$ cat entry_29.cif   # mmCIF, C-alpha atoms and all ligand atoms
data_model
#
loop_
_atom_site.label_atom_id
_atom_site.label_comp_id
_atom_site.auth_asym_id
_atom_site.auth_seq_id
_atom_site.Cartn_x
_atom_site.Cartn_y
_atom_site.Cartn_z
CA MET A 1 -4.99 -22.39 -10.26
CA THR A 2 -8.55 -21.16 -9.75
CA GLU A 3 -9.92 -18.92 -12.47
CA LEU A 4 -10.04 -15.24 -11.47
CA LYS A 5 -13.72 -14.23 -11.67
CA ASN A 6 -13.24 -10.47 -11.30
CA ASP A 7 -10.09 -9.22 -13.02
CA LEU A 8 -11.16 -5.55 -13.34
CA LEU A 9 -8.33 -4.37 -11.09
CA LEU A 10 -5.65 -6.20 -13.07
CA ARG A 11 -7.08 -4.93 -16.35
CA ALA A 12 -7.27 -1.33 -15.14
CA LEU A 13 -3.70 -1.50 -13.80
CA LYS A 14 -2.61 -2.49 -17.32
CA ARG A 15 -4.69 0.41 -18.74
CA GLN A 16 -6.94 -2.03 -20.59
CA PRO A 17 -10.63 -1.18 -21.17
CA VAL A 18 -13.07 -2.04 -18.36
CA PRO A 19 -16.86 -1.59 -18.13
CA ARG A 20 -16.58 0.37 -14.85
CA THR A 21 -13.85 1.75 -12.57
CA PRO A 22 -12.57 -0.92 -10.15
CA LEU A 23 -12.04 0.05 -6.52
CA TRP A 24 -10.39 -0.95 -3.29
CA ILE A 25 -9.62 1.13 -0.21
CA MET A 26 -6.26 1.57 1.52
CA ARG A 27 -6.57 0.14 5.06
CA GLN A 28 -9.90 -1.45 4.11
CA ALA A 29 -9.34 -3.99 6.89
CA GLY A 30 -9.00 -1.87 10.00
CA ARG A 31 -10.33 -0.37 13.17
CA TYR A 32 -13.33 1.42 11.63
CA LEU A 33 -14.92 -2.09 11.33
CA PRO A 34 -16.33 -3.54 14.59
CA GLU A 35 -15.65 -7.09 13.32
CA TYR A 36 -11.95 -6.13 12.89
CA ARG A 37 -11.78 -4.89 16.48
CA ALA A 38 -13.35 -8.15 17.65
CA THR A 39 -10.83 -10.32 15.75
CA ARG A 40 -7.92 -8.19 16.97
CA ALA A 41 -9.17 -8.69 20.55
CA GLU A 42 -9.31 -12.44 19.89
CA ALA A 43 -5.69 -12.36 18.63
CA GLY A 44 -4.58 -10.28 21.66
CA ASP A 45 -2.78 -7.48 19.84
CA PHE A 46 -1.98 -6.20 16.36
CA MET A 47 1.27 -8.13 15.73
CA SER A 48 -0.26 -11.39 17.00
CA LEU A 49 -3.04 -10.82 14.47
CA CYS A 50 -0.45 -10.35 11.69
CA ARG A 51 1.41 -13.50 12.77
CA ASN A 52 -1.70 -15.71 12.76
CA PRO A 53 -2.46 -16.68 9.11
CA GLU A 54 -6.05 -17.80 9.84
CA LEU A 55 -6.95 -14.58 11.68
CA ALA A 56 -5.03 -12.39 9.21
CA CYS A 57 -7.09 -14.08 6.48
CA GLU A 58 -10.31 -13.46 8.42
CA VAL A 59 -9.68 -9.68 8.71
CA THR A 60 -8.55 -9.49 5.06
CA LEU A 61 -11.93 -10.89 3.99
CA GLN A 62 -14.10 -8.81 6.36
CA PRO A 63 -14.39 -5.70 4.16
CA LEU A 64 -15.22 -7.90 1.13
CA ARG A 65 -18.24 -9.32 2.98
CA ARG A 66 -19.63 -5.81 3.50
CA TYR A 67 -18.73 -4.03 0.26
CA LYS A 68 -18.50 -4.72 -3.48
CA LEU A 69 -14.72 -4.23 -3.64
CA ASP A 70 -12.57 -5.39 -6.55
CA ALA A 71 -9.49 -6.47 -4.59
CA ALA A 72 -8.32 -7.86 -1.27
CA ILE A 73 -5.12 -6.56 0.32
CA LEU A 74 -2.98 -8.80 2.47
CA PHE A 75 -3.39 -7.94 6.15
CA SER A 76 0.09 -7.24 7.50
CA ASP A 77 2.33 -4.23 8.07
CA ILE A 78 5.30 -2.55 6.42
CA LEU A 79 7.34 -2.92 9.64
CA THR A 80 7.47 -6.75 9.51
CA VAL A 81 10.74 -6.40 7.53
CA PRO A 82 12.75 -4.46 10.19
CA ASP A 83 11.15 -6.67 12.84
CA ALA A 84 12.66 -9.68 11.03
CA LEU A 85 16.01 -7.81 11.02
CA GLY A 86 15.91 -8.02 14.82
CA LEU A 87 14.91 -4.44 15.72
CA GLY A 88 12.17 -5.57 18.10
CA LEU A 89 8.89 -4.05 16.86
CA TYR A 90 6.20 -3.30 19.44
CA PHE A 91 3.07 -1.17 19.54
CA GLU A 92 2.18 1.04 22.47
CA THR A 93 -1.52 1.87 22.62
CA GLY A 94 -2.19 5.27 21.12
CA GLU A 95 1.47 5.85 20.23
CA GLY A 96 1.94 3.80 17.07
CA PRO A 97 4.89 1.53 16.29
CA LYS A 98 8.18 1.52 18.21
CA PHE A 99 11.51 -0.34 17.95
CA GLU A 100 13.43 -1.61 20.98
CA ARG A 101 16.73 -1.46 19.06
CA PRO A 102 16.66 1.36 16.49
CA VAL A 103 19.50 1.74 13.98
CA LYS A 104 21.16 5.10 14.71
CA THR A 105 24.83 4.90 13.75
CA ARG A 106 27.09 3.58 11.03
CA ALA A 107 28.06 0.70 13.33
CA ASP A 108 24.36 -0.18 13.85
CA ILE A 109 23.83 -0.19 10.08
CA GLU A 110 26.90 -2.31 9.41
CA ALA A 111 25.69 -4.79 12.04
CA LEU A 112 22.32 -5.39 10.31
CA PRO A 113 22.14 -9.15 9.60
CA ASP A 114 21.66 -10.83 6.25
CA ILE A 115 18.33 -12.58 6.50
CA ASP A 116 16.47 -15.15 4.51
CA VAL A 117 12.86 -13.97 4.26
CA THR A 118 11.60 -17.55 4.24
CA ASP A 119 12.87 -17.92 7.82
CA GLY A 120 11.62 -14.87 9.72
CA LEU A 121 8.67 -13.88 7.56
CA SER A 122 7.08 -17.19 6.60
CA TYR A 123 3.90 -16.24 8.55
CA VAL A 124 3.29 -13.56 5.89
CA PHE A 125 3.56 -16.03 3.00
CA ASP A 126 1.35 -18.50 4.90
CA ALA A 127 -1.25 -15.72 5.23
CA VAL A 128 -1.05 -15.05 1.46
CA ARG A 129 -1.64 -18.74 0.67
CA THR A 130 -4.53 -18.96 3.15
CA ILE A 131 -6.19 -15.83 1.74
CA ARG A 132 -5.85 -17.04 -1.87
CA ARG A 133 -7.46 -20.34 -0.92
CA GLU A 134 -10.37 -18.62 0.86
CA LEU A 135 -10.85 -16.00 -1.87
CA ASP A 136 -11.34 -18.82 -4.35
CA GLY A 137 -10.75 -16.48 -7.32
CA ARG A 138 -13.44 -13.92 -6.40
CA VAL A 139 -11.07 -10.93 -6.63
CA PRO A 140 -7.29 -10.55 -6.91
CA LEU A 141 -5.05 -10.30 -3.85
CA ILE A 142 -2.65 -7.35 -3.50
CA GLY A 143 0.62 -7.90 -1.63
CA PHE A 144 2.65 -4.99 -0.29
CA ALA A 145 5.76 -3.67 1.41
CA GLY A 146 7.04 -0.30 2.56
CA SER A 147 9.58 1.64 0.55
CA PRO A 148 13.10 1.36 2.00
CA TRP A 149 13.08 5.11 2.75
CA THR A 150 9.77 4.98 4.63
CA VAL A 151 10.71 1.80 6.50
CA GLY A 152 14.11 3.40 7.14
CA THR A 153 12.51 6.41 8.88
CA TYR A 154 10.99 4.05 11.48
CA MET A 155 14.22 2.01 11.79
CA VAL A 156 16.37 5.08 12.43
CA GLU A 157 13.95 7.27 14.41
CA GLY A 158 12.78 4.27 16.46
CA GLY A 159 9.10 4.97 15.76
CA SER A 160 6.75 7.46 14.15
CA SER A 161 8.19 10.90 13.54
CA ARG A 162 7.00 14.18 12.04
CA GLU A 163 10.38 15.82 11.36
CA PHE A 164 12.73 12.80 10.84
CA PRO A 165 15.72 14.53 12.54
CA THR A 166 18.00 11.47 12.80
CA ILE A 167 17.59 10.03 9.32
CA LEU A 168 17.76 13.48 7.67
CA GLY A 169 20.96 14.04 9.70
CA LEU A 170 22.37 10.78 8.29
CA ALA A 171 21.37 11.88 4.75
CA ARG A 172 23.35 15.10 5.27
CA GLU A 173 26.38 13.84 7.22
CA GLU A 174 26.82 10.25 6.04
CA PRO A 175 24.90 9.77 2.80
CA ALA A 176 26.94 6.73 1.72
CA THR A 177 26.07 4.96 4.99
CA LEU A 178 22.39 5.71 4.43
CA ASP A 179 22.68 4.46 0.82
CA ALA A 180 24.12 1.20 2.13
CA MET A 181 21.26 0.73 4.58
CA LEU A 182 18.60 1.50 1.95
CA LYS A 183 20.26 -0.89 -0.52
CA LYS A 184 20.14 -3.64 2.05
CA VAL A 185 16.49 -2.98 2.94
CA ALA A 186 15.64 -2.83 -0.79
CA SER A 187 17.30 -6.18 -1.41
CA ILE A 188 15.37 -7.86 1.43
CA THR A 189 12.14 -6.12 0.33
CA THR A 190 12.61 -7.48 -3.21
CA ASP A 191 12.89 -11.03 -1.82
CA TYR A 192 9.94 -10.34 0.47
CA LEU A 193 7.66 -9.18 -2.36
CA ASN A 194 8.80 -11.97 -4.67
CA ALA A 195 7.97 -14.51 -1.96
CA GLN A 196 4.50 -12.92 -1.61
CA ILE A 197 4.08 -13.23 -5.40
CA GLU A 198 5.21 -16.86 -5.33
CA ALA A 199 2.71 -17.51 -2.52
CA GLY A 200 -0.10 -15.99 -4.64
CA ALA A 201 -0.12 -12.17 -4.55
CA GLN A 202 -1.47 -11.00 -7.94
CA ALA A 203 -0.34 -7.34 -7.75
CA VAL A 204 1.97 -5.51 -5.34
CA GLN A 205 2.04 -2.01 -3.90
CA ILE A 206 5.01 -0.20 -2.38
CA PHE A 207 3.97 2.33 0.30
CA ASP A 208 6.29 5.34 0.39
CA THR A 209 4.42 7.34 2.98
CA TRP A 210 7.28 9.71 3.85
CA GLY A 211 9.11 10.21 0.52
CA SER A 212 7.87 13.78 0.28
CA ALA A 213 9.87 14.74 3.40
CA LEU A 214 12.90 14.79 1.05
CA GLU A 215 13.78 17.64 -1.32
CA ALA A 216 13.82 16.74 -5.01
CA ASP A 217 17.42 15.47 -5.47
CA ASP A 218 17.41 13.63 -2.15
CA TYR A 219 14.04 12.09 -3.05
CA ARG A 220 15.63 10.63 -6.19
CA ARG A 221 18.68 9.36 -4.33
CA PHE A 222 17.13 7.96 -1.14
CA SER A 223 13.52 7.14 -1.95
CA LEU A 224 13.12 6.67 -5.69
CA ALA A 225 16.44 4.83 -6.28
CA SER A 226 15.61 2.21 -3.67
CA MET A 227 12.12 1.70 -5.15
CA GLN A 228 13.78 1.40 -8.57
CA GLN A 229 16.06 -1.33 -7.17
CA ILE A 230 12.97 -3.24 -6.03
CA VAL A 231 11.04 -2.79 -9.31
CA ASP A 232 14.10 -4.05 -11.23
CA GLY A 233 14.19 -7.24 -9.16
CA LEU A 234 10.50 -8.12 -9.03
CA ILE A 235 8.79 -11.06 -10.70
CA ARG A 236 6.63 -9.32 -13.31
CA GLU A 237 4.76 -12.28 -14.74
CA ARG A 238 3.43 -15.47 -13.22
CA ASP A 239 1.08 -18.17 -14.54
CA GLY A 240 0.88 -16.22 -17.80
CA ARG A 241 -0.37 -13.04 -16.13
CA ARG A 242 1.39 -9.75 -15.50
CA ILE A 243 1.95 -8.91 -11.83
CA PRO A 244 1.36 -5.14 -11.77
CA VAL A 245 3.47 -2.96 -9.48
CA ILE A 246 1.91 0.15 -7.89
CA LEU A 247 4.14 2.81 -6.33
CA PHE A 248 2.59 5.21 -3.84
CA THR A 249 4.61 8.19 -2.62
CA LYS A 250 2.23 10.27 -0.53
CA GLY A 251 2.52 13.92 -1.54
CA ALA A 252 4.45 13.08 -4.73
CA GLY A 253 2.90 15.90 -6.82
CA PRO A 254 5.07 16.65 -9.87
CA ARG A 255 7.51 13.86 -8.81
CA LEU A 256 4.99 11.49 -10.34
CA ALA A 257 6.77 12.20 -13.64
CA ASP A 258 10.07 10.79 -12.25
CA MET A 259 8.28 7.80 -10.79
CA VAL A 260 6.96 6.69 -14.20
CA ALA A 261 10.57 6.07 -15.31
CA THR A 262 10.99 3.24 -12.77
CA GLY A 263 8.98 0.97 -15.06
CA CYS A 264 6.10 0.55 -12.59
CA ASP A 265 2.60 -0.17 -13.91
CA ALA A 266 0.66 2.29 -11.77
CA LEU A 267 1.04 5.20 -9.36
CA GLY A 268 -1.00 5.95 -6.28
CA VAL A 269 -2.03 9.61 -6.03
CA ASP A 270 -2.99 11.37 -2.80
CA TRP A 271 -5.71 14.04 -2.69
CA THR A 272 -3.34 17.04 -2.81
CA THR A 273 -2.79 16.43 -6.56
CA SER A 274 -5.83 16.27 -8.83
CA LEU A 275 -6.09 13.19 -11.02
CA ALA A 276 -6.33 15.55 -14.03
CA ASP A 277 -2.89 17.01 -13.13
CA ALA A 278 -1.50 13.55 -12.32
CA ARG A 279 -2.57 12.41 -15.80
CA LYS A 280 -0.63 15.33 -17.31
CA TYR A 281 2.51 14.60 -15.25
CA THR A 282 2.44 10.95 -16.25
CA ASP A 283 1.29 11.41 -19.85
CA ASP A 284 -1.04 8.36 -19.67
CA LYS A 285 1.99 6.06 -19.51
CA VAL A 286 0.85 4.32 -16.29
CA ALA A 287 -2.44 3.67 -14.52
CA LEU A 288 -3.43 5.98 -11.64
CA GLN A 289 -4.97 4.97 -8.34
CA GLY A 290 -6.81 7.31 -6.00
CA ASN A 291 -7.53 9.87 -4.75
CA LEU A 292 -10.54 10.98 -2.69
CA ASP A 293 -9.60 12.81 0.54
CA PRO A 294 -10.25 10.25 3.33
CA ALA A 295 -11.87 13.04 5.39
CA THR A 296 -14.70 13.18 2.81
CA LEU A 297 -16.02 9.98 4.43
CA LYS A 298 -16.87 12.03 7.53
CA GLY A 299 -19.43 13.95 5.44
CA SER A 300 -23.06 13.28 4.62
CA PRO A 301 -24.05 10.80 1.88
CA GLU A 302 -24.50 13.78 -0.48
CA VAL A 303 -20.97 15.04 0.27
CA ILE A 304 -19.53 11.55 -0.29
CA ARG A 305 -21.42 11.09 -3.58
CA GLN A 306 -20.22 14.50 -4.78
CA GLY A 307 -16.65 13.55 -3.85
CA VAL A 308 -16.90 10.36 -5.90
CA ALA A 309 -18.42 12.27 -8.85
CA ASP A 310 -15.63 14.88 -8.73
CA THR A 311 -12.86 12.25 -8.50
CA LEU A 312 -14.22 10.30 -11.49
CA ALA A 313 -14.66 13.52 -13.48
CA SER A 314 -11.12 14.67 -12.65
CA TYR A 315 -9.64 11.47 -14.12
CA GLY A 316 -12.11 11.71 -16.98
CA LYS A 317 -12.84 9.18 -19.69
CA GLY A 318 -10.80 6.19 -20.62
CA PRO A 319 -9.01 3.27 -19.02
CA GLY A 320 -6.29 3.28 -16.38
CA HIS A 321 -8.11 4.52 -13.27
CA VAL A 322 -8.42 2.50 -10.06
CA PHE A 323 -10.66 4.23 -7.54
CA ASN A 324 -9.26 4.53 -4.00
CA LEU A 325 -8.87 7.09 -1.25
CA GLY A 326 -5.80 9.34 -1.35
CA HIS A 327 -4.58 7.67 1.86
CA GLY A 328 -5.84 5.04 4.31
CA ILE A 329 -9.35 5.08 5.79
CA THR A 330 -9.24 6.32 9.39
CA PRO A 331 -10.65 4.54 12.50
CA ASP A 332 -13.32 7.24 13.09
CA ILE A 333 -15.28 6.48 9.88
CA ASP A 334 -18.84 5.08 10.05
CA PRO A 335 -18.77 1.82 8.01
CA GLU A 336 -22.07 2.81 6.35
CA HIS A 337 -20.37 5.84 4.85
CA LEU A 338 -17.90 3.61 3.00
CA GLY A 339 -20.92 1.73 1.62
CA VAL A 340 -22.19 5.01 0.15
CA LEU A 341 -18.83 5.53 -1.57
CA VAL A 342 -18.66 1.99 -2.98
CA ASP A 343 -22.22 2.14 -4.33
CA ALA A 344 -21.54 5.55 -5.89
CA VAL A 345 -18.46 4.25 -7.76
CA HIS A 346 -20.50 1.30 -9.10
CA GLU A 347 -23.33 3.60 -10.16
CA MET A 348 -21.42 6.55 -11.62
CA SER A 349 -18.27 5.08 -13.16
CA PRO A 350 -19.70 3.15 -16.17
CA ALA A 351 -20.34 6.49 -17.92
CA TYR A 352 -16.56 7.07 -18.03
CA HIS A 353 -15.99 3.81 -19.89
CA ALA A 354 -18.87 3.95 -22.37
CA ASP A 355 -17.87 3.72 -25.99
CA ASP A 356 -18.33 7.29 -27.23
CA SER A 357 -18.38 6.37 -30.92
O1 LIG A 401 -4.50 -1.58 3.65
C1 LIG A 401 -4.71 -2.59 4.35
O2 LIG A 401 -5.87 -2.92 4.75
C2 LIG A 401 -3.56 -3.53 4.65
C3 LIG A 401 -2.97 -3.45 5.92
C4 LIG A 401 -1.94 -2.38 6.26
C5 LIG A 401 -1.65 -2.04 7.61
N1 LIG A 401 -0.58 -1.20 7.62
C6 LIG A 401 -2.38 -2.54 8.78
C7 LIG A 401 -2.28 -1.79 10.04
C8 LIG A 401 -1.05 -1.66 5.45
C9 LIG A 401 -0.95 -1.60 3.93
C10 LIG A 401 -0.19 -0.93 6.33
C11 LIG A 401 0.93 -0.08 5.85
C12 LIG A 401 1.64 0.79 6.80
N2 LIG A 401 2.02 0.50 8.10
C13 LIG A 401 2.16 2.06 6.48
C14 LIG A 401 2.04 2.75 5.13
C15 LIG A 401 0.64 3.22 5.13
C16 LIG A 401 0.25 4.32 4.26
O3 LIG A 401 -0.97 4.34 4.03
O4 LIG A 401 1.01 5.20 3.81
C17 LIG A 401 2.80 2.58 7.63
C18 LIG A 401 3.46 3.94 7.76
C19 LIG A 401 2.72 1.57 8.64
C20 LIG A 401 3.30 1.59 10.02
C21 LIG A 401 2.22 1.56 11.01
N3 LIG A 401 1.51 0.41 11.33
C22 LIG A 401 1.71 2.63 11.79
C23 LIG A 401 2.19 4.06 11.72
C24 LIG A 401 0.68 2.09 12.58
C25 LIG A 401 -0.11 2.77 13.64
C26 LIG A 401 -1.24 3.41 12.93
C27 LIG A 401 -2.34 3.82 13.80
O5 LIG A 401 -3.26 4.41 13.18
O6 LIG A 401 -2.36 3.59 15.02
C28 LIG A 401 0.54 0.72 12.25
C29 LIG A 401 -0.44 -0.23 12.80
C30 LIG A 401 -1.44 -0.76 11.84
N4 LIG A 401 -1.13 -1.32 10.64
C31 LIG A 401 -2.85 -0.85 12.04
C32 LIG A 401 -3.38 -1.51 10.92
C33 LIG A 401 -4.81 -1.92 10.67
C34 LIG A 401 -3.60 -0.39 13.27
C35 LIG A 401 -3.28 -1.39 14.31
C36 LIG A 401 -4.38 -1.66 15.28
O7 LIG A 401 -5.22 -2.52 14.99
O8 LIG A 401 -4.34 -1.03 16.33
#
$ encode --input "entry_29.cif" --output "C-alpha cells"
Amino acid sequence: MTELKNDLLLRALKRQPVPRTPLWIMRQAGRYLPEYRATRAEAGDFMSLCRNPELACEVTLQPLRRYKLDAAILFSDILTVPDALGLGLYFETGEGPKFERPVKTRADIEALPDIDVTDGLSYVFDAVRTIRRELDGRVPLIGFAGSPWTVGTYMVEGGSSREFPTILGLAREEPATLDAMLKKVASITTDYLNAQIEAGAQAVQIFDTWGSALEADDYRRFSLASMQQIVDGLIRERDGRRIPVILFTKGAGPRLADMVATGCDALGVDWTTSLADARKYTDDKVALQGNLDPATLKGSPEVIRQGVADTLASYGKGPGHVFNLGHGITPDIDPEHLGVLVDAVHEMSPAYHADDS
C-alpha cells in the first residue's frame, strides 16, 4: 500500500492533534465546476458518469487540482443501492432523481430481492480502486452511502419530496413493515460500505439528509436505529489504520447527543446548529465536521473570510474539527469563491491548534 502523505483528515476524525484544520467540501465534485460539466457531457448523463470508473475518477480528482483539499470523496450517489434493488433510477433534467418502480406497499417491500453488492454495484468498487491508484497517497479517499431512512424516502415516494406523505403514512400505519424495509436496506448498505472499504475507502460517511423530518422517537426508531445497524457491521480497521465513520443527519440539532451513542467517530453538523453548541451536545466525545452555510459562498471574499473566521472561532481551540460546509456546495457558486474559502482555512486555522503552554 502507498504511504498516505496527508493524513490530517484521519487524525482530526480521531480527535488527534493536527497543525491546522483539515477540510473537504460536500459535493466538491459537481456542477459548479465547468470541467465537471464537460466530463458529464462526455459521459452522456449523470448515471453513465457514475457507472464509468475512469470518468468517475476524473471528476473525483477535479476539485483536488484546483484547491488544497485534504480529502477526496468517491463520485457516486446514494441512490445506487435502490437502483441495484431493481427500482429503475433515472434523472429528469431539472427534476432530480426518480424511480420507475417505487416501493409503496407491504407487498412491494416483501418482494424486494436479496442482492449481492458485488454483482450490481461492482462499478462503484472499481471506481474506488481507480481513484486510490490515481490519488497515489496524496490525500485519503472517503466512501459514502445514504442512510436507510433517507434512501427509503426516495424508494417509497418515487423521487424527491418535501413532505414525505407516503413513507410517513407507512411509519404511522404499518411501522413493522417499514422497520423490515429499513433493516433490509441497512444490511445491503453495510455490505456496500464494507466493499468500498475493501476496495480502498479510508473513511466513510452516511448521509441522512431527511432524518429531521421525523419527530424525536420516530427519528430513533426509523433513522438512528438503521444507522446503528450499519455502524455495528462496518469494518473499523484495515491495514493497521482506523476507518472512521462520519454520520450526517441534516438538521440534527440536539439529536447529535443521541447520535454519539452509535459508536461513530464523527458527526456532520449543518449550519443551523453552531459548532459551539454541537460541542456541548456531544461533550467532545466525537469529532465534528462542518458547518459554514453554503449560501455564504455567494458573498464577497470579505463575507466568505468572515464566515470561515466565525466557524473556526465557534468550534474554538483543540483537535477534532474538520472544516466543511453545512451541506453540499450548490451549482450557482463561482469556483473562485471556493478558493477564497480554502485559502482562508489554511491561513486562519493554525492559530486554533497552537500549543498554548
Ligand atoms: O460530495 C460529493 O462530491 C460526492 C458525490 C455525491 C453526489 N450525490 C453526486 C451527485 C454525493 C455524496 C451525493 C449524495 C446524495 N445524493 C444525497 C445526500 C446529499 C446530502 O448532501 O445530504 C442525496 C439526497 C442524493 C440524491 C440525489 N442525487 C439528488 C436529490 C440529486 C439531484 C440533485 C440536484 O441538485 O439536481 C442527485 C444527483 C447528483 N448527485 C448530482 C451530483 C453531482 C447532480 C447530477 C448532475 O450532474 O446533474
$ closest_residue --input "entry_29.cif" --among "A:Val340, A:Ile197, A:Ile73, A:Leu247" --to "Val139 in chain A" --atoms "all atoms listed in the file"
A:Ile73
$ residues_near_ligand --input "entry_29.cif" --ligand "ligand LIG 401 (chain A)" --cutoff "6 Å" --atoms "only C-alpha atoms and all ligand atoms" --output "NGL selection string"
:A and (26-31 or 46 or 73-78 or 96-97 or 207 or 209 or 327-328)
$ residues_around --input "entry_29.cif" --residues "Asp277 in chain A" --least-positions-apart "5" --cutoff "9 Å" --atoms "all atoms listed in the file" --output "PyMOL selection string"
chain A and resi 253-254+282+314-315
$ closest_atom_pairs --input "entry_29.cif" --of "range 298-342 of chain A" --to "range 62-68 of chain A" --cutoff "10 Å" --atoms "only C-alpha atoms" --output "JSON lines"
{"residue": "A:Pro335", "atom": "CA", "partner": "A:Arg66", "partner_atom": "CA", "distance": 8.9}
{"residue": "A:Glu336", "atom": "CA", "partner": "A:Arg66", "partner_atom": "CA", "distance": 9.4}
{"residue": "A:Leu338", "atom": "CA", "partner": "A:Tyr67", "partner_atom": "CA", "distance": 8.2}
{"residue": "A:Gly339", "atom": "CA", "partner": "A:Tyr67", "partner_atom": "CA", "distance": 6.3}
{"residue": "A:Val340", "atom": "CA", "partner": "A:Tyr67", "partner_atom": "CA", "distance": 9.7}
{"residue": "A:Leu341", "atom": "CA", "partner": "A:Tyr67", "partner_atom": "CA", "distance": 9.7}
{"residue": "A:Val342", "atom": "CA", "partner": "A:Lys68", "partner_atom": "CA", "distance": 6.7}
$ closest_residue --input "entry_29.cif" --among "A:Leu135, A:Leu23, A:Ile206, A:Ala295" --to "Cys57 in chain A" --atoms "only C-alpha atoms"
A:Leu135
$ atom_distance --input "entry_29.cif" --atom1 "CA of Asp270 in chain A" --atom2 "CA of Asn291 in chain A"
5.2 Å
$ residues_around --input "entry_29.cif" --residues "Met181 in chain A" --least-positions-apart "4" --cutoff "8 Å" --atoms "only C-alpha atoms" --output "ChimeraX atom specification"
/A:109,177,185
$ closest_residue --input "entry_29.cif" --among "A:Ala56, A:Val103, A:Leu112, A:Val156" --to "Ala127 in chain A" --atoms "all atoms listed in the file"
A:Ala56
$ residues_around --input "entry_29.cif" --residues "Asp293 in chain A" --least-positions-apart "2" --cutoff "6 Å" --atoms "all atoms listed in the file" --output "PyMOL selection string"
chain A and resi 271+295-296+326
$ residues_near_point --input "entry_29.cif" --point "(21.2, -0.5, 0.9)" --cutoff "12 Å" --atoms "only C-alpha atoms" --output "MDAnalysis selection string"
chainID A and resid 109:110 112 114 147:149 152 175:190 221:223 225:227 229:230
$ atom_distance --input "entry_29.cif" --atom1 "CA of Ile243 in chain A" --atom2 "CA of Val269 in chain A"
19.8 Å
$ atom_distance --input "entry_29.cif" --atom1 "CA of Arg255 in chain A" --atom2 "CA of Ala216 in chain A"
7.9 Å
$ axis_aligned_box --input "entry_29.cif" --around "range 3-12 of chain A" --padding-each-side "6 Å" --output "lines of an AutoDock Vina configuration file"
center_x = -9.7
center_y = -10.1
center_z = -13.7
size_x = 20.1
size_y = 29.6
size_z = 17.3
$ residues_around --input "entry_29.cif" --residues "Arg20 in chain A" --least-positions-apart "5" --cutoff "7 Å" --atoms "all atoms listed in the file" --output "list of chain:residue names"
A:Ser349, A:Pro350, A:His353
$ residues_near_point --input "entry_29.cif" --point "(-12.2, -6.8, 14.3)" --cutoff "12 Å" --atoms "all atoms listed in the file" --output "PyMOL selection string"
chain A and resi 28-46+49+55-63+331
$ closest_residue --input "entry_29.cif" --among "A:Met47, A:Leu267, A:Ala354, A:Leu325" --to "Arg15 in chain A" --atoms "only C-alpha atoms"
A:Leu267
$ closest_residue --input "entry_29.cif" --among "A:Ile329, A:Ala199, A:Val322, A:Val18" --to "Ile246 in chain A" --atoms "only C-alpha atoms"
A:Val322
$ closest_residue --input "entry_29.cif" --among "A:Ala213, A:Ile142, A:Ala266, A:Ala351" --to "Glu163 in chain A" --atoms "all atoms listed in the file"
A:Ala213
$ decode --input "entry_29.cif" --residues "range 284-296 of chain A" --atoms "N, CA and C atoms" --output "CSV table (one decimal), in the first residue's frame"
chain,number,residue,atom,x,y,z
A,284,ASP,N,-17.5,16.6,23.5
A,284,ASP,CA,-16.1,16.3,22.9
A,284,ASP,C,-15.8,14.8,22.8
A,285,LYS,N,-16.9,14.0,22.7
A,285,LYS,CA,-16.7,12.5,22.6
A,285,LYS,C,-16.4,12.1,21.1
A,286,VAL,N,-16.8,12.9,20.2
A,286,VAL,CA,-16.6,12.6,18.7
A,286,VAL,C,-16.0,13.9,18.1
A,287,ALA,N,-15.5,13.7,16.9
A,287,ALA,CA,-15.1,14.8,16.1
A,287,ALA,C,-16.3,15.4,15.4
A,288,LEU,N,-16.2,16.7,15.0
A,288,LEU,CA,-17.3,17.4,14.4
A,288,LEU,C,-16.8,17.9,13.0
A,289,GLN,N,-17.7,17.8,12.1
A,289,GLN,CA,-17.4,18.3,10.7
A,289,GLN,C,-18.4,19.3,10.2
A,290,GLY,N,-18.0,20.4,9.8
A,290,GLY,CA,-18.9,21.5,9.3
A,290,GLY,C,-18.3,22.8,9.5
A,291,ASN,N,-19.2,23.8,9.4
A,291,ASN,CA,-20.6,23.8,9.2
A,291,ASN,C,-21.1,25.2,8.6
A,292,LEU,N,-20.2,25.7,7.7
A,292,LEU,CA,-20.5,27.0,7.1
A,292,LEU,C,-21.7,26.9,6.2
A,293,ASP,N,-22.6,27.9,6.3
A,293,ASP,CA,-23.8,27.9,5.4
A,293,ASP,C,-23.3,28.0,4.0
A,294,PRO,N,-23.8,27.0,3.1
A,294,PRO,CA,-23.3,27.1,1.7
A,294,PRO,C,-23.6,28.4,1.0
A,295,ALA,N,-24.6,29.1,1.4
A,295,ALA,CA,-25.0,30.3,0.8
A,295,ALA,C,-24.0,31.4,1.0
A,296,THR,N,-23.1,31.3,2.1
A,296,THR,CA,-22.0,32.2,2.3
A,296,THR,C,-21.1,32.4,1.1
